[in-house]
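Here the structure is laid out as structure tokens; the discussion comes afterwards.
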Amino acid sequence: MTKTILCAVDINRPEEDQKVLKIAAKLAALDGASLDVITVVPDFGASVVGAYFEEHHVSTAKDKANELLSKMVEDALGAEENAKVRHVVAIGSVYEKVLQTAKLSKTYLIVIGAHRPDFKDYLLGPNAARIVRHSDASVYVVR
């Protein structure tokens, strides 16, 4: 059975998350693991705001996110490595979808970046902290 490393990135922060991708790829290569890269699109349908969006808007957002994710991975790792990576675009809450994907793919390591928290993060807890607290897999946090 192949080992899997899951790397969570934010397509809205491609420059910052390039470092996260490179570290995840290096760890996967060292351990002979496959690399999955995930980004999460907010679920506008679950909120009051969702009433203003039609279903095709969510599909369009997911397609665009997949395109941006592929470009981000290619820019960071190169076209050859990008072809080997499994790209995952999920819709919903970041930490919930990362944990769910990790469990489904039997991930043994999650690689995620952590940024300097905003004030709201001190009250609610950032995604990286939630993933660390609730993950069954080991978590490597890149600063």
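By order in the structure tokens, chains are A, B, ...; within a chain, residues start at 1; ligands start at 1, following the order shown.
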As a list in words, please: the residues near region 35-45 of chain A (cut-off 6 Å, only C-alpha atoms, same-chain neighbours under 2 positions excluded).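 Final neighbour list, sorted by chain and number: Thr4, Ile5, Leu6, Cys7, Ala8, Val9, Asp10, Ser47, Gly50, Val85, Arg86, His87, Val88, Val89, Ala90, Ile91, Gly92 and Val94 of chain A.
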Pull the helix (DSSP H, G or I) assignments for region 60-110 of chain A out of DSSP run on the backbone, and list those residues as a VMD selection string. chain A and resid 60 to 77 79 to 84 94 to 104
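Excluding His115 (chain A) and any residue on its chain fewer than 2 positions from it, the residues at most 12 Å away by only C-alpha atoms are Val9, Asp10, Arg13, Glu16, Asp17, Val20, Ile112, Gly113, Pro117, Asp118, Asp121, Pro126, Asn127, Ala128, Ala129, Val141, Val142 and Arg143 of chain A.
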Since we have the selection now, will you write its residues out, keeping N, CA and C atoms, as an mmCIF file, in the first residue's frame?
data_model
loop_
_atom_site.group_PDB
_atom_site.id
_atom_site.type_symbol
_atom_site.label_atom_id
_atom_site.label_comp_id
_atom_site.auth_asym_id
_atom_site.auth_seq_id
_atom_site.Cartn_x
_atom_site.Cartn_y
_atom_site.Cartn_z
ATOM 1 N N VAL A 9 -3.141 23.780 0.826
ATOM 2 C CA VAL A 9 -2.685 25.103 0.412
ATOM 3 C C VAL A 9 -3.878 26.024 0.164
ATOM 4 N N ASP A 10 -3.576 27.312 0.180
ATOM 5 C CA ASP A 10 -4.569 28.334 -0.112
ATOM 6 C C ASP A 10 -4.214 28.928 -1.472
ATOM 7 N N ARG A 13 -3.024 32.481 -1.814
ATOM 8 C CA ARG A 13 -1.710 32.854 -1.296
ATOM 9 C C ARG A 13 -0.623 32.006 -1.976
ATOM 10 N N GLU A 16 3.183 32.507 -0.778
ATOM 11 C CA GLU A 16 3.448 32.035 0.577
ATOM 12 C C GLU A 16 3.414 30.511 0.659
ATOM 13 N N ASP A 17 2.493 29.891 -0.071
ATOM 14 C CA ASP A 17 2.325 28.444 0.029
ATOM 15 C C ASP A 17 3.247 27.649 -0.889
ATOM 16 N N VAL A 20 5.429 25.681 1.337
ATOM 17 C CA VAL A 20 4.702 24.533 1.894
ATOM 18 C C VAL A 20 4.700 23.386 0.891
ATOM 19 N N ILE A 112 0.847 21.536 6.264
ATOM 20 C CA ILE A 112 0.032 22.739 6.165
ATOM 21 C C ILE A 112 0.853 23.943 6.582
ATOM 22 N N GLY A 113 0.564 25.077 5.977
ATOM 23 C CA GLY A 113 1.243 26.317 6.337
ATOM 24 C C GLY A 113 0.486 27.030 7.444
ATOM 25 N N PRO A 117 -1.423 34.880 12.941
ATOM 26 C CA PRO A 117 -2.869 34.951 13.149
ATOM 27 C C PRO A 117 -3.398 36.371 13.286
ATOM 28 N N ASP A 118 -4.607 36.554 12.785
ATOM 29 C CA ASP A 118 -5.334 37.802 12.999
ATOM 30 C C ASP A 118 -5.968 37.730 14.378
ATOM 31 N N ASP A 121 -8.480 34.997 14.854
ATOM 32 C CA ASP A 121 -7.935 33.653 15.009
ATOM 33 C C ASP A 121 -7.646 33.316 16.466
ATOM 34 N N PRO A 126 -7.177 29.189 14.421
ATOM 35 C CA PRO A 126 -6.925 29.084 12.985
ATOM 36 C C PRO A 126 -7.082 27.648 12.496
ATOM 37 N N ASN A 127 -7.175 27.501 11.186
ATOM 38 C CA ASN A 127 -7.350 26.173 10.590
ATOM 39 C C ASN A 127 -6.208 25.234 10.939
ATOM 40 N N ALA A 128 -4.978 25.730 10.891
ATOM 41 C CA ALA A 128 -3.827 24.865 11.193
ATOM 42 C C ALA A 128 -3.933 24.300 12.608
ATOM 43 N N ALA A 129 -4.306 25.121 13.561
ATOM 44 C CA ALA A 129 -4.417 24.655 14.944
ATOM 45 C C ALA A 129 -5.523 23.612 15.085
ATOM 46 N N VAL A 141 3.688 21.449 10.381
ATOM 47 C CA VAL A 141 3.285 22.826 10.175
ATOM 48 C C VAL A 141 4.486 23.630 9.702
ATOM 49 N N VAL A 142 4.332 24.297 8.565
ATOM 50 C CA VAL A 142 5.388 25.114 7.972
ATOM 51 C C VAL A 142 5.092 26.569 8.293
ATOM 52 N N ARG A 143 6.052 27.235 8.896
ATOM 53 C CA ARG A 143 5.897 28.665 9.205
ATOM 54 C C ARG A 143 6.439 29.474 8.061
#
Using backbone DSSP assignments, extract all strand (DSSP E) residues from chain A; output them as a ChimeraX atom specification. /A:4-8,34-41,86-91,109-113,138-142
Report as an MDAnalysis selection string all protein, DNA and RNA residues lying within 10 Å of Lys71 (chain A), evaluated on only C-alpha atoms, omitting residues in the same chain fewer than 5 positions from it. chainID A and resid 11 14 65:66 76:79 82
Kindly save the residues from that selection, with N, CA, C and O atoms included, as a short mmCIF file (atom, residue, chain, number, x, y, z; two decimals), in the first residue's frame.
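Dumped everything to part21.cif:
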data_model
loop_
_atom_site.label_atom_id
_atom_site.label_comp_id
_atom_site.auth_asym_id
_atom_site.auth_seq_id
_atom_site.Cartn_x
_atom_site.Cartn_y
_atom_site.Cartn_z
N ILE A 11 -5.08 28.73 -2.46
CA ILE A 11 -4.78 29.22 -3.81
C ILE A 11 -4.77 30.74 -3.87
O ILE A 11 -4.30 31.32 -4.84
N PRO A 14 -0.53 32.06 -3.31
CA PRO A 14 0.39 31.15 -4.01
C PRO A 14 1.86 31.36 -3.65
O PRO A 14 2.61 30.39 -3.54
N ALA A 65 -10.85 27.02 -9.24
CA ALA A 65 -9.94 26.65 -8.14
C ALA A 65 -9.03 25.50 -8.57
O ALA A 65 -7.84 25.51 -8.27
N ASN A 66 -9.58 24.53 -9.29
CA ASN A 66 -8.78 23.40 -9.78
C ASN A 66 -7.70 23.88 -10.75
O ASN A 66 -6.55 23.44 -10.71
N ALA A 76 5.44 25.78 -8.48
CA ALA A 76 6.29 25.44 -7.33
C ALA A 76 7.17 24.22 -7.59
O ALA A 76 8.33 24.20 -7.19
N LEU A 77 6.61 23.20 -8.25
CA LEU A 77 7.32 21.92 -8.37
C LEU A 77 7.74 21.55 -9.79
O LEU A 77 8.52 20.62 -9.97
N GLY A 78 7.17 22.21 -10.78
CA GLY A 78 7.47 21.88 -12.17
C GLY A 78 6.40 21.00 -12.78
O GLY A 78 5.63 20.34 -12.07
N ALA A 79 6.34 20.98 -14.10
CA ALA A 79 5.29 20.25 -14.83
C ALA A 79 5.35 18.75 -14.59
O ALA A 79 4.32 18.09 -14.46
N ASN A 82 4.02 18.03 -11.16
CA ASN A 82 2.59 18.36 -11.14
C ASN A 82 1.76 17.23 -11.73
O ASN A 82 0.66 16.94 -11.25
#
Which residues are near Tyr140 (chain A)? Cut-off 8 Å, only C-alpha atoms, ignore same chain within fewer than 3 positions. Put them as a list in words. Leu109, Ile110, Val111 and Ile112 of chain A
Under the rule that only C-alpha atoms are counted, which of A:Leu69, A:Asp136, A:Leu30, A:Ala61 is the nearest residue to Leu104 (chain A)?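 Nearest to Leu104 (chain A): A:Asp136.
Residues in contact with Gly32 (chain A) at 12 Å, where only C-alpha atoms are counted and same-chain residues fewer than 4 positions away are skipped, are listed as Met1, Thr2, Lys3, Thr4, Ile5, Ala24, Ala25, Lys26, Leu27 and Ala28 of chain A.
Closest approach to Ser34 (chain A) among A:Met72, A:Ile131, A:Val139, A:Ala83: A:Ala83, based on only C-alpha atoms.
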